[in-house]
file run_35.pdb (PDB, C-alpha atoms, pLDDT in the B column)
MODEL        1
ATOM      1  CA  MET A 632      -6.370 -20.348 -46.821  1.00 92.00           C
ATOM      2  CA  ASP A 633      -7.552 -21.933 -50.025  1.00 93.00           C
ATOM      3  CA  ARG A 634      -7.838 -25.698 -50.542  1.00 93.00           C
ATOM      4  CA  ARG A 635      -4.273 -25.935 -51.830  1.00 95.00           C
ATOM      5  CA  GLU A 636      -2.908 -24.235 -48.688  1.00 95.00           C
ATOM      6  CA  ILE A 637      -5.102 -26.393 -46.444  1.00 94.00           C
ATOM      7  CA  ALA A 638      -3.738 -29.493 -48.178  1.00 94.00           C
ATOM      8  CA  ALA A 639      -0.168 -28.264 -47.618  1.00 95.00           C
ATOM      9  CA  LEU A 640      -0.952 -27.605 -43.954  1.00 95.00           C
ATOM     10  CA  LEU A 641      -2.426 -31.100 -43.482  1.00 94.00           C
ATOM     11  CA  ALA A 642       0.620 -32.634 -45.143  1.00 94.00           C
ATOM     12  CA  TYR A 643       2.887 -30.659 -42.801  1.00 95.00           C
ATOM     13  CA  ILE A 644       0.870 -31.728 -39.748  1.00 95.00           C
ATOM     14  CA  GLY A 645       0.899 -35.351 -40.944  1.00 93.00           C
ATOM     15  CA  ARG A 646       4.696 -35.331 -40.992  1.00 94.00           C
ATOM     16  CA  LEU A 647       4.793 -34.114 -37.398  1.00 94.00           C
ATOM     17  CA  ASP A 648       1.917 -36.271 -36.098  1.00 93.00           C
ATOM     18  CA  PRO A 649       1.115 -39.333 -38.245  1.00 92.00           C
ATOM     19  CA  ARG A 650      -2.103 -39.886 -36.289  1.00 91.00           C
ATOM     20  CA  THR A 651      -3.739 -37.113 -38.305  1.00 90.00           C
ATOM     21  CA  SER A 652      -2.878 -38.629 -41.704  1.00 90.00           C
ATOM     22  CA  ARG A 653      -5.717 -40.179 -43.735  1.00 89.00           C
ATOM     23  CA  THR A 654      -4.693 -43.028 -46.041  1.00 87.00           C
ATOM     24  CA  ASP A 655      -8.165 -43.585 -47.459  1.00 90.00           C
ATOM     25  CA  GLN A 656      -8.873 -41.237 -50.369  1.00 90.00           C
ATOM     26  CA  GLY A 657     -12.453 -40.560 -49.267  1.00 92.00           C
ATOM     27  CA  GLU A 658     -11.419 -39.788 -45.680  1.00 93.00           C
ATOM     28  CA  ALA A 659      -8.651 -37.495 -46.894  1.00 92.00           C
ATOM     29  CA  ARG A 660     -11.128 -35.637 -49.112  1.00 93.00           C
ATOM     30  CA  ASP A 661     -13.581 -35.243 -46.233  1.00 94.00           C
ATOM     31  CA  GLN A 662     -10.808 -34.018 -43.910  1.00 94.00           C
ATOM     32  CA  LEU A 663      -9.689 -31.460 -46.479  1.00 94.00           C
ATOM     33  CA  ALA A 664     -13.263 -30.210 -46.929  1.00 95.00           C
ATOM     34  CA  GLN A 665     -13.802 -29.957 -43.155  1.00 95.00           C
ATOM     35  CA  TRP A 666     -10.597 -28.007 -42.503  1.00 95.00           C
ATOM     36  CA  HIS A 667     -11.243 -25.688 -45.440  1.00 95.00           C
ATOM     37  CA  GLU A 668     -14.761 -24.970 -44.193  1.00 95.00           C
ATOM     38  CA  LEU A 669     -13.528 -24.102 -40.702  1.00 94.00           C
ATOM     39  CA  LEU A 670     -10.230 -22.371 -41.527  1.00 94.00           C
ATOM     40  CA  GLY A 671     -10.987 -20.723 -44.865  1.00 92.00           C
ATOM     41  CA  ASP A 672     -10.711 -17.236 -43.291  1.00 92.00           C
ATOM     42  CA  VAL A 673      -7.422 -17.989 -41.489  1.00 93.00           C
ATOM     43  CA  PRO A 674      -4.333 -16.979 -43.528  1.00 93.00           C
ATOM     44  CA  MET A 675      -1.350 -19.241 -43.960  1.00 94.00           C
ATOM     45  CA  ALA A 676       0.996 -16.432 -42.867  1.00 93.00           C
ATOM     46  CA  THR A 677       1.023 -12.649 -42.497  1.00 92.00           C
ATOM     47  CA  PRO A 678       3.854 -10.095 -42.764  1.00 90.00           C
ATOM     48  CA  HIS A 679       3.590  -9.354 -39.042  1.00 89.00           C
ATOM     49  CA  GLY A 680       4.062 -12.429 -36.894  1.00 87.00           C
ATOM     50  CA  TRP A 681       1.373 -14.978 -37.780  1.00 92.00           C
ATOM     51  CA  ASP A 682       2.242 -18.380 -39.254  1.00 94.00           C
ATOM     52  CA  VAL A 683      -0.295 -21.195 -39.138  1.00 95.00           C
ATOM     53  CA  ARG A 684       2.506 -23.769 -39.143  1.00 95.00           C
ATOM     54  CA  VAL A 685       3.928 -22.293 -35.946  1.00 94.00           C
ATOM     55  CA  ALA A 686       0.507 -22.580 -34.259  1.00 94.00           C
ATOM     56  CA  ALA A 687       0.155 -26.202 -35.413  1.00 95.00           C
ATOM     57  CA  ARG A 688       3.664 -27.119 -34.327  1.00 94.00           C
ATOM     58  CA  GLN A 689       3.120 -25.512 -30.898  1.00 94.00           C
ATOM     59  CA  HIS A 690      -0.019 -27.591 -30.321  1.00 95.00           C
ATOM     60  CA  ILE A 691       1.684 -30.824 -31.374  1.00 95.00           C
ATOM     61  CA  ARG A 692       4.604 -30.065 -29.053  1.00 94.00           C
ATOM     62  CA  THR A 693       2.499 -29.287 -25.992  1.00 94.00           C
ATOM     63  CA  SER A 694      -0.662 -31.401 -26.298  1.00 93.00           C
ATOM     64  CA  PRO A 695      -1.006 -35.211 -26.275  1.00 93.00           C
ATOM     65  CA  TYR A 696      -4.220 -34.971 -28.330  1.00 94.00           C
ATOM     66  CA  PRO A 697      -4.418 -34.935 -32.144  1.00 93.00           C
ATOM     67  CA  ILE A 698      -4.759 -31.446 -33.554  1.00 94.00           C
ATOM     68  CA  LEU A 699      -8.195 -30.157 -34.574  1.00 94.00           C
ATOM     69  CA  PRO A 700      -9.195 -27.080 -36.614  1.00 95.00           C
ATOM     70  CA  ALA A 701     -10.128 -25.337 -33.346  1.00 94.00           C
ATOM     71  CA  ASP A 702      -6.517 -25.676 -32.177  1.00 95.00           C
ATOM     72  CA  VAL A 703      -5.516 -23.439 -35.094  1.00 95.00           C
ATOM     73  CA  ALA A 704      -8.513 -21.092 -34.944  1.00 94.00           C
ATOM     74  CA  ARG A 705      -7.999 -20.240 -31.256  1.00 94.00           C
ATOM     75  CA  PRO A 706      -4.447 -18.874 -31.668  1.00 94.00           C
ATOM     76  CA  TRP A 707      -5.602 -16.938 -34.728  1.00 94.00           C
ATOM     77  CA  GLU A 708      -8.438 -15.281 -32.800  1.00 94.00           C
ATOM     78  CA  SER A 709      -6.022 -14.442 -29.977  1.00 93.00           C
ATOM     79  CA  TYR A 710      -3.640 -12.917 -32.509  1.00 93.00           C
ATOM     80  CA  ARG A 711      -6.449 -10.757 -33.930  1.00 92.00           C
ATOM     81  CA  ARG A 712      -7.668  -9.608 -30.496  1.00 92.00           C
ATOM     82  CA  ASP A 713      -4.169  -8.704 -29.346  1.00 92.00           C
ATOM     83  CA  ARG A 714      -3.493  -6.590 -32.434  1.00 91.00           C
ATOM     84  CA  LEU A 715      -6.805  -4.751 -32.225  1.00 90.00           C
ATOM     85  CA  ALA A 716      -6.277  -4.112 -28.501  1.00 90.00           C
ATOM     86  CA  ARG A 717      -2.976  -2.363 -29.323  1.00 88.00           C
ATOM     87  CA  HIS A 718      -4.487  -0.337 -32.165  1.00 90.00           C
ATOM     88  CA  SER A 719      -5.706   3.255 -31.946  1.00 88.00           C
ATOM     89  CA  ASP A 720      -7.659   4.473 -34.948  1.00 87.00           C
ATOM     90  CA  PRO A 721      -5.649   7.119 -36.831  1.00 86.00           C
ATOM     91  CA  THR A 722      -7.534  10.060 -38.291  1.00 86.00           C
ATOM     92  CA  PRO A 723      -8.739   9.087 -41.791  1.00 88.00           C
ATOM     93  CA  SER A 724      -7.296  11.044 -44.688  1.00 88.00           C
ATOM     94  CA  VAL A 725     -10.661  11.535 -46.414  1.00 88.00           C
ATOM     95  CA  ASP A 726     -13.112  14.427 -46.069  1.00 88.00           C
ATOM     96  CA  PRO A 727     -14.791  14.123 -42.632  1.00 85.00           C
ATOM     97  CA  ASP A 728     -18.057  15.293 -44.178  1.00 87.00           C
ATOM     98  CA  ASP A 729     -18.086  12.169 -46.343  1.00 90.00           C
ATOM     99  CA  GLN A 730     -19.382   9.783 -43.688  1.00 91.00           C
ATOM    100  CA  ALA A 731     -19.332   6.708 -45.940  1.00 92.00           C
ATOM    101  CA  ALA A 732     -15.718   7.213 -47.007  1.00 92.00           C
ATOM    102  CA  TRP A 733     -14.685   8.054 -43.416  1.00 90.00           C
ATOM    103  CA  THR A 734     -16.260   4.852 -42.059  1.00 92.00           C
ATOM    104  CA  ALA A 735     -14.887   2.763 -44.921  1.00 93.00           C
ATOM    105  CA  GLU A 736     -11.323   3.912 -44.255  1.00 92.00           C
ATOM    106  CA  LEU A 737     -11.635   3.202 -40.522  1.00 92.00           C
ATOM    107  CA  VAL A 738     -13.047  -0.269 -41.186  1.00 92.00           C
ATOM    108  CA  GLY A 739     -10.383  -0.985 -43.794  1.00 93.00           C
ATOM    109  CA  THR A 740      -7.598   0.051 -41.428  1.00 92.00           C
ATOM    110  CA  ARG A 741      -8.955  -2.103 -38.620  1.00 91.00           C
ATOM    111  CA  ARG A 742      -9.352  -5.072 -40.953  1.00 91.00           C
ATOM    112  CA  ALA A 743      -5.771  -4.690 -42.175  1.00 92.00           C
ATOM    113  CA  VAL A 744      -4.494  -4.583 -38.589  1.00 91.00           C
ATOM    114  CA  ALA A 745      -6.597  -7.568 -37.499  1.00 90.00           C
ATOM    115  CA  THR A 746      -5.530  -9.710 -40.460  1.00 89.00           C
ATOM    116  CA  GLY A 747      -1.855  -8.916 -39.941  1.00 89.00           C
ATOM    117  CA  THR A 748      -1.243  -6.961 -43.149  1.00 88.00           C
ATOM    118  CA  ALA A 749      -0.632  -3.675 -41.284  1.00 88.00           C
ATOM    119  CA  GLN A 750       0.926  -2.806 -37.959  1.00 89.00           C
ATOM    120  CA  PRO A 751      -1.251  -1.414 -35.112  1.00 89.00           C
ATOM    121  CA  SER A 752      -1.262   2.363 -34.897  1.00 86.00           C
ATOM    122  CA  GLN A 753      -0.491   3.382 -31.334  1.00 79.00           C
ATOM    123  CA  ALA A 754      -1.600   6.675 -29.794  1.00 72.00           C
ATOM    124  CA  ARG A 755       1.261   9.063 -29.124  1.00 61.00           C
ATOM    125  CA  ALA A 756       1.601  10.091 -25.505  1.00 55.00           C
ATOM    126  CA  ILE A 757       2.016  13.725 -24.515  1.00 52.00           C
ATOM    127  CA  THR A 758       4.781  12.817 -22.099  1.00 50.00           C
ATOM    128  CA  THR A 759       7.209   9.943 -21.861  1.00 50.00           C
ATOM    129  CA  GLY A 760       6.344   9.024 -18.289  1.00 53.00           C
ATOM    130  CA  ARG A 761       8.091   9.572 -14.982  1.00 53.00           C
ATOM    131  CA  ASP A 762      11.587   9.209 -16.462  1.00 55.00           C
ATOM    132  CA  GLY A 763      11.261  12.100 -18.899  1.00 58.00           C
ATOM    133  CA  VAL A 764       8.980  14.839 -20.170  1.00 59.00           C
ATOM    134  CA  ASN A 765       8.292  15.938 -23.689  1.00 67.00           C
ATOM    135  CA  PRO A 766      10.700  18.901 -24.197  1.00 75.00           C
ATOM    136  CA  ARG A 767       8.082  21.020 -25.975  1.00 75.00           C
ATOM    137  CA  LEU A 768       5.538  20.416 -23.219  1.00 70.00           C
ATOM    138  CA  GLU A 769       8.107  21.155 -20.533  1.00 73.00           C
ATOM    139  CA  ALA A 770       9.048  24.455 -22.200  1.00 74.00           C
ATOM    140  CA  ARG A 771       5.386  25.405 -22.530  1.00 70.00           C
ATOM    141  CA  LEU A 772       4.704  24.661 -18.857  1.00 66.00           C
ATOM    142  CA  ARG A 773       7.668  26.805 -17.822  1.00 69.00           C
ATOM    143  CA  GLU A 774       6.283  29.620 -19.946  1.00 63.00           C
ATOM    144  CA  ILE A 775       2.740  29.607 -18.587  1.00 64.00           C
ATOM    145  CA  GLY A 776       3.578  28.348 -15.083  1.00 64.00           C
ATOM    146  CA  SER A 777       0.830  25.721 -14.907  1.00 66.00           C
ATOM    147  CA  CYS A 778      -1.424  23.740 -17.202  1.00 67.00           C
ATOM    148  CA  ILE A 779      -4.405  24.694 -14.986  1.00 74.00           C
ATOM    149  CA  PRO A 780      -5.576  28.334 -15.186  1.00 75.00           C
ATOM    150  CA  PRO A 781      -5.633  30.162 -11.814  1.00 77.00           C
ATOM    151  CA  ALA A 782      -9.433  30.546 -11.890  1.00 82.00           C
ATOM    152  CA  ALA A 783      -9.914  26.821 -12.479  1.00 83.00           C
ATOM    153  CA  ARG A 784      -7.412  25.988  -9.736  1.00 79.00           C
ATOM    154  CA  ALA A 785      -9.325  28.160  -7.260  1.00 82.00           C
ATOM    155  CA  ALA A 786     -12.623  26.535  -8.263  1.00 87.00           C
ATOM    156  CA  LEU A 787     -11.147  23.066  -7.729  1.00 84.00           C
ATOM    157  CA  ALA A 788      -9.624  23.873  -4.329  1.00 81.00           C
ATOM    158  CA  PRO A 789     -12.709  22.830  -2.251  1.00 85.00           C
ATOM    159  CA  TYR A 790     -12.675  19.428  -3.949  1.00 85.00           C
ATOM    160  CA  ARG A 791      -8.920  18.917  -3.532  1.00 80.00           C
ATOM    161  CA  PRO A 792      -8.177  20.111   0.014  1.00 80.00           C
ATOM    162  CA  ALA A 793      -4.908  18.207   0.348  1.00 75.00           C
ATOM    163  CA  ARG A 794      -3.524  19.568  -2.905  1.00 78.00           C
ATOM    164  CA  ALA A 795      -4.800  23.071  -2.134  1.00 80.00           C
ATOM    165  CA  ALA A 796      -3.021  23.023   1.230  1.00 78.00           C
ATOM    166  CA  ARG A 797       0.150  21.796  -0.450  1.00 79.00           C
ATOM    167  CA  GLU A 798       0.010  24.580  -3.064  1.00 78.00           C
ATOM    168  CA  ALA A 799      -0.642  27.190  -0.381  1.00 80.00           C
ATOM    169  CA  ALA A 800       2.392  25.991   1.568  1.00 79.00           C
ATOM    170  CA  VAL A 801       4.597  26.187  -1.510  1.00 77.00           C
ATOM    171  CA  ALA A 802       3.293  29.703  -2.230  1.00 78.00           C
ATOM    172  CA  GLN A 803       4.420  30.724   1.273  1.00 82.00           C
ATOM    173  CA  GLY A 804       7.928  29.435   0.628  1.00 80.00           C
ATOM    174  CA  LEU A 805       7.561  26.213   2.629  1.00 83.00           C
ATOM    175  CA  PRO A 806       9.077  22.985   1.264  1.00 84.00           C
ATOM    176  CA  ASP A 807       6.969  20.701  -0.916  1.00 84.00           C
ATOM    177  CA  ALA A 808       7.187  17.265   0.681  1.00 83.00           C
ATOM    178  CA  LEU A 809       5.863  15.525  -2.426  1.00 84.00           C
ATOM    179  CA  SER A 810       8.716  16.892  -4.531  1.00 84.00           C
ATOM    180  CA  VAL A 811      11.035  14.168  -3.237  1.00 88.00           C
ATOM    181  CA  ARG A 812      10.850  10.392  -2.915  1.00 88.00           C
ATOM    182  CA  CYS A 813       9.762   9.109   0.483  1.00 88.00           C
ATOM    183  CA  GLU A 814      12.463   6.885   1.943  1.00 85.00           C
ATOM    184  CA  TRP A 815       9.974   5.328   4.371  1.00 82.00           C
ATOM    185  CA  CYS A 816       7.124   4.116   2.144  1.00 82.00           C
ATOM    186  CA  LEU A 817       9.018   4.512  -1.180  1.00 82.00           C
ATOM    187  CA  ALA A 818       6.326   6.798  -2.652  1.00 84.00           C
ATOM    188  CA  GLN A 819       7.640   8.432  -5.837  1.00 86.00           C
ATOM    189  CA  PRO A 820       7.776  12.238  -6.312  1.00 86.00           C
ATOM    190  CA  GLY A 821       4.275  13.594  -6.782  1.00 81.00           C
ATOM    191  CA  GLU A 822       2.628  10.588  -5.103  1.00 85.00           C
ATOM    192  CA  PRO A 823       1.191  10.737  -1.559  1.00 85.00           C
ATOM    193  CA  CYS A 824       2.690   8.714   1.235  1.00 85.00           C
ATOM    194  CA  ARG A 825       1.157   5.328   1.986  1.00 83.00           C
ATOM    195  CA  ARG A 826       0.761   3.165   5.047  1.00 81.00           C
ATOM    196  CA  ARG A 827       1.701  -0.457   4.558  1.00 72.00           C
ATOM    197  CA  ARG A 828      -0.637  -3.046   6.023  1.00 71.00           C
ATOM    198  CA  ILE A 829       1.230  -6.023   7.401  1.00 68.00           C
ATOM    199  CA  GLY A 830      -0.477  -9.410   7.693  1.00 66.00           C
ATOM    200  CA  PRO A 831      -0.031 -11.997  10.471  1.00 70.00           C
ATOM    201  CA  ASP A 832       2.685 -13.712   8.448  1.00 71.00           C
ATOM    202  CA  GLY A 833       4.688 -10.482   8.209  1.00 63.00           C
ATOM    203  CA  GLY A 834       3.924  -9.915   4.522  1.00 63.00           C
ATOM    204  CA  ALA A 835       2.467  -6.722   3.086  1.00 57.00           C
ATOM    205  CA  ARG A 836      -1.290  -7.019   2.507  1.00 60.00           C
ATOM    206  CA  GLY A 837      -1.881  -3.672   0.850  1.00 60.00           C
ATOM    207  CA  THR A 838      -1.358   0.062   1.163  1.00 69.00           C
ATOM    208  CA  ALA A 839      -3.529   3.073   1.947  1.00 74.00           C
ATOM    209  CA  GLN A 840      -2.862   6.799   1.680  1.00 75.00           C
ATOM    210  CA  CYS A 841      -1.775   8.499   4.867  1.00 77.00           C
ATOM    211  CA  ALA A 842      -0.290  11.757   6.102  1.00 75.00           C
ATOM    212  CA  THR A 843       3.133  12.721   4.812  1.00 80.00           C
ATOM    213  CA  HIS A 844       5.885  10.946   6.709  1.00 81.00           C
ATOM    214  CA  PRO A 845       8.119  13.303   8.758  1.00 84.00           C
ATOM    215  CA  SER A 846      11.283  11.957   7.166  1.00 86.00           C
ATOM    216  CA  ARG A 847       9.996  12.959   3.732  1.00 85.00           C
ATOM    217  CA  LEU A 848       9.275  16.485   4.928  1.00 84.00           C
ATOM    218  CA  ASP A 849      12.771  16.688   6.451  1.00 88.00           C
ATOM    219  CA  LEU A 850      14.300  15.556   3.162  1.00 87.00           C
ATOM    220  CA  ALA A 851      12.297  18.164   1.204  1.00 85.00           C
ATOM    221  CA  THR A 852      13.375  20.850   3.693  1.00 86.00           C
ATOM    222  CA  ALA A 853      17.023  19.870   3.361  1.00 88.00           C
ATOM    223  CA  GLN A 854      16.745  19.856  -0.417  1.00 85.00           C
ATOM    224  CA  GLN A 855      15.139  23.320  -0.443  1.00 80.00           C
ATOM    225  CA  ALA A 856      17.829  24.638   1.895  1.00 83.00           C
ATOM    226  CA  GLY A 857      20.542  23.235  -0.342  1.00 81.00           C
ATOM    227  CA  GLN A 858      19.005  24.832  -3.417  1.00 76.00           C
ATOM    228  CA  THR A 859      18.700  28.164  -1.624  1.00 73.00           C
ATOM    229  CA  GLU A 860      22.321  28.022  -0.517  1.00 77.00           C
ATOM    230  CA  GLN A 861      23.447  27.152  -4.023  1.00 76.00           C
ATOM    231  CA  THR A 862      21.477  30.066  -5.447  1.00 72.00           C
ATOM    232  CA  GLN A 863      23.060  32.462  -2.948  1.00 73.00           C
ATOM    233  CA  GLN A 864      26.546  31.237  -3.824  1.00 74.00           C
ATOM    234  CA  VAL A 865      25.890  31.787  -7.519  1.00 71.00           C
ATOM    235  CA  GLN A 866      24.655  35.309  -6.811  1.00 71.00           C
ATOM    236  CA  GLN A 867      27.745  36.100  -4.724  1.00 74.00           C
ATOM    237  CA  VAL A 868      29.980  34.937  -7.550  1.00 72.00           C
ATOM    238  CA  GLN A 869      28.100  37.003 -10.125  1.00 68.00           C
ATOM    239  CA  GLN A 870      28.056  40.230  -8.091  1.00 67.00           C
ATOM    240  CA  PRO A 871      31.856  40.841  -8.116  1.00 62.00           C
ATOM    241  CA  ALA A 872      31.925  40.019 -11.816  1.00 56.00           C
ATOM    242  CA  ALA A 873      29.197  42.595 -12.480  1.00 54.00           C
ATOM    243  CA  ALA A 874      31.055  45.176 -10.405  1.00 53.00           C
TER
ENDMDL
END
call {"tool": "encode", "arguments": {"input": "run_35.pdb", "output": "structure tokens"}}
result
Amino acid sequence: MDRREIAALLAYIGRLDPRTSRTDQGEARDQLAQWHELLGDVPMATPHGWDVRVAARQHIRTSPYPILPADVARPWESYRRDRLARHSDPTPSVDPDDQAAWTAELVGTRRAVATGTAQPSQARAITTGRDGVNPRLEARLREIGSCIPPAARAALAPYRPARAAREAAVAQGLPDALSVRCEWCLAQPGEPCRRRRIGPDGGARGTAQCATHPSRLDLATAQQAGQTEQTQQVQQVQQPAAA
């Protein structure tokens, strides 16, 4: 903010809290110089959510003490930190061999995000989480069978005995207990079962991994049997049609 914007801010604050107003010309000049020295790098407003008047009004609403420059600077620093924490550096458009230009574009992008003139650039996830999978990734996994090559899977087996045993069981046609949600401990598909630790007051104190609950294995078995039966019915319907 320049001196004109600082003066407008002080006039706005004075209307909301008369205690901050300076009637003496010398005191008003000193106050303007002090605020400009401390808040010269804080913008009045940005296109993406920052308004110094909102920060000042919030302090006056919630604090019984007269507002100080630090009461404006703190929200501004929090605004900057939050935006940078949500920002992932995009690949610069310049020649990567030009180190100076590459660094300058990265610094310029970060500065624009921090000062509120550009939106944070968020990294794109490969998948969309437990509720859905990227269609292209899902098709690719169906094509190759697994994202881990067989040789790498065999090399990792000694370090992942539980997973190796689970994969061996599935290879033998046995049900995969982790393919369904456990109704006992509420573990989601793909997550191991957990044992709930109950405190003296009856509340849960924490959880720890444990062996698969029998009810989860029964549910996976029933699900596999249902899928097998459905497959057989489809085959029986297709055979007369083929004949």
call {"tool": "atom_distance", "arguments": {"input": "run_35.pdb", "atom1": "CA of Trp681 in chain A", "atom2": "CA of Pro697 in chain A"}}
result
21.5 Å
call {"tool": "residues_around", "arguments": {"input": "run_35.pdb", "residues": "Glu814 in chain A", "least_positions_apart": "6", "cutoff": "12 Å", "atoms": "only C-alpha atoms", "output": "list in words"}}
result
Ala808, Pro820, Cys824, Arg825, Thr843, His844, Pro845, Ser846, Arg847, Leu848, Asp849, Leu850 and Ala851 of chain A
call {"tool": "atom_distance", "arguments": {"input": "run_35.pdb", "atom1": "CA of Pro700 in chain A", "atom2": "CA of Gln665 in chain A"}}
result
8.5 Å
call {"tool": "resolve_selection", "arguments": {"input": "run_35.pdb", "expression": "the PyMOL selection byres ((chain A and resi 826) around 9)", "output": "VMD selection string"}}
result
chain A and resid 816 824 to 825 827 to 828 837 to 842
call {"tool": "write_last_selection", "arguments": {"input": "run_35.pdb", "atoms": "C-alpha atoms", "output": "PDB file, keeping the file's coordinate frame"}}
result
ATOM      1  CA  CYS A 816       7.124   4.116   2.144  1.00 82.00           C
ATOM      2  CA  CYS A 824       2.690   8.714   1.235  1.00 85.00           C
ATOM      3  CA  ARG A 825       1.157   5.328   1.986  1.00 83.00           C
ATOM      4  CA  ARG A 827       1.701  -0.457   4.558  1.00 72.00           C
ATOM      5  CA  ARG A 828      -0.637  -3.046   6.023  1.00 71.00           C
ATOM      6  CA  GLY A 837      -1.881  -3.672   0.850  1.00 60.00           C
ATOM      7  CA  THR A 838      -1.358   0.062   1.163  1.00 69.00           C
ATOM      8  CA  ALA A 839      -3.529   3.073   1.947  1.00 74.00           C
ATOM      9  CA  GLN A 840      -2.862   6.799   1.680  1.00 75.00           C
ATOM     10  CA  CYS A 841      -1.775   8.499   4.867  1.00 77.00           C
ATOM     11  CA  ALA A 842      -0.290  11.757   6.102  1.00 75.00           C
TER      12      ALA A 842
END
call {"tool": "resolve_selection", "arguments": {"input": "run_35.pdb", "expression": "the PyMOL selection byres ((chain A and resi 736) around 12)", "output": "compact mmCIF listing (two decimals) with C-alpha atoms, keeping the file's coordinate frame"}}
result
# COMPACT_ATOMS: atom_id res chain seq x y z
CA ASP A 720 -7.66 4.47 -34.95
CA PRO A 721 -5.65 7.12 -36.83
CA THR A 722 -7.53 10.06 -38.29
CA PRO A 723 -8.74 9.09 -41.79
CA SER A 724 -7.30 11.04 -44.69
CA VAL A 725 -10.66 11.54 -46.41
CA ASP A 726 -13.11 14.43 -46.07
CA PRO A 727 -14.79 14.12 -42.63
CA ASP A 729 -18.09 12.17 -46.34
CA GLN A 730 -19.38 9.78 -43.69
CA ALA A 731 -19.33 6.71 -45.94
CA ALA A 732 -15.72 7.21 -47.01
CA TRP A 733 -14.68 8.05 -43.42
CA THR A 734 -16.26 4.85 -42.06
CA ALA A 735 -14.89 2.76 -44.92
CA LEU A 737 -11.64 3.20 -40.52
CA VAL A 738 -13.05 -0.27 -41.19
CA GLY A 739 -10.38 -0.98 -43.79
CA THR A 740 -7.60 0.05 -41.43
CA ARG A 741 -8.96 -2.10 -38.62
CA ARG A 742 -9.35 -5.07 -40.95
CA ALA A 743 -5.77 -4.69 -42.18
call {"tool": "resolve_selection", "arguments": {"input": "run_35.pdb", "expression": "the PyMOL selection byres ((chain A and resi 638) around 12)", "output": "short mmCIF file (atom, residue, chain, number, x, y, z; two decimals) with C-alpha atoms, keeping the file's coordinate frame"}}
result
data_model
loop_
_atom_site.label_atom_id
_atom_site.label_comp_id
_atom_site.auth_asym_id
_atom_site.auth_seq_id
_atom_site.Cartn_x
_atom_site.Cartn_y
_atom_site.Cartn_z
CA MET A 632 -6.37 -20.35 -46.82
CA ASP A 633 -7.55 -21.93 -50.02
CA ARG A 634 -7.84 -25.70 -50.54
CA ARG A 635 -4.27 -25.94 -51.83
CA GLU A 636 -2.91 -24.24 -48.69
CA ILE A 637 -5.10 -26.39 -46.44
CA ALA A 639 -0.17 -28.26 -47.62
CA LEU A 640 -0.95 -27.60 -43.95
CA LEU A 641 -2.43 -31.10 -43.48
CA ALA A 642 0.62 -32.63 -45.14
CA TYR A 643 2.89 -30.66 -42.80
CA ILE A 644 0.87 -31.73 -39.75
CA GLY A 645 0.90 -35.35 -40.94
CA SER A 652 -2.88 -38.63 -41.70
CA ARG A 653 -5.72 -40.18 -43.74
CA ALA A 659 -8.65 -37.49 -46.89
CA ARG A 660 -11.13 -35.64 -49.11
CA ASP A 661 -13.58 -35.24 -46.23
CA GLN A 662 -10.81 -34.02 -43.91
CA LEU A 663 -9.69 -31.46 -46.48
CA ALA A 664 -13.26 -30.21 -46.93
CA GLN A 665 -13.80 -29.96 -43.16
CA TRP A 666 -10.60 -28.01 -42.50
CA HIS A 667 -11.24 -25.69 -45.44
CA LEU A 670 -10.23 -22.37 -41.53
CA GLY A 671 -10.99 -20.72 -44.86
CA MET A 675 -1.35 -19.24 -43.96
#
call {"tool": "atom_distance", "arguments": {"input": "run_35.pdb", "atom1": "CA of Gln866 in chain A", "atom2": "CA of Asp807 in chain A"}}
result
23.7 Å
call {"tool": "residues_around", "arguments": {"input": "run_35.pdb", "residues": "Val703 in chain A", "least_positions_apart": "3", "cutoff": "8 Å", "atoms": "all atoms listed in the file", "output": "list in words"}}
result
Val683, Ala686, Ala687, Leu699, Pro700, Pro706 and Trp707 of chain A
call {"tool": "axis_aligned_box", "arguments": {"input": "run_35.pdb", "around": "range 660-663 of chain A", "padding_each_side": "6 Å", "output": "lines of an AutoDock Vina configuration file"}}
result
center_x = -11.6
center_y = -33.5
center_z = -46.5
size_x = 15.9
size_y = 16.2
size_z = 17.2
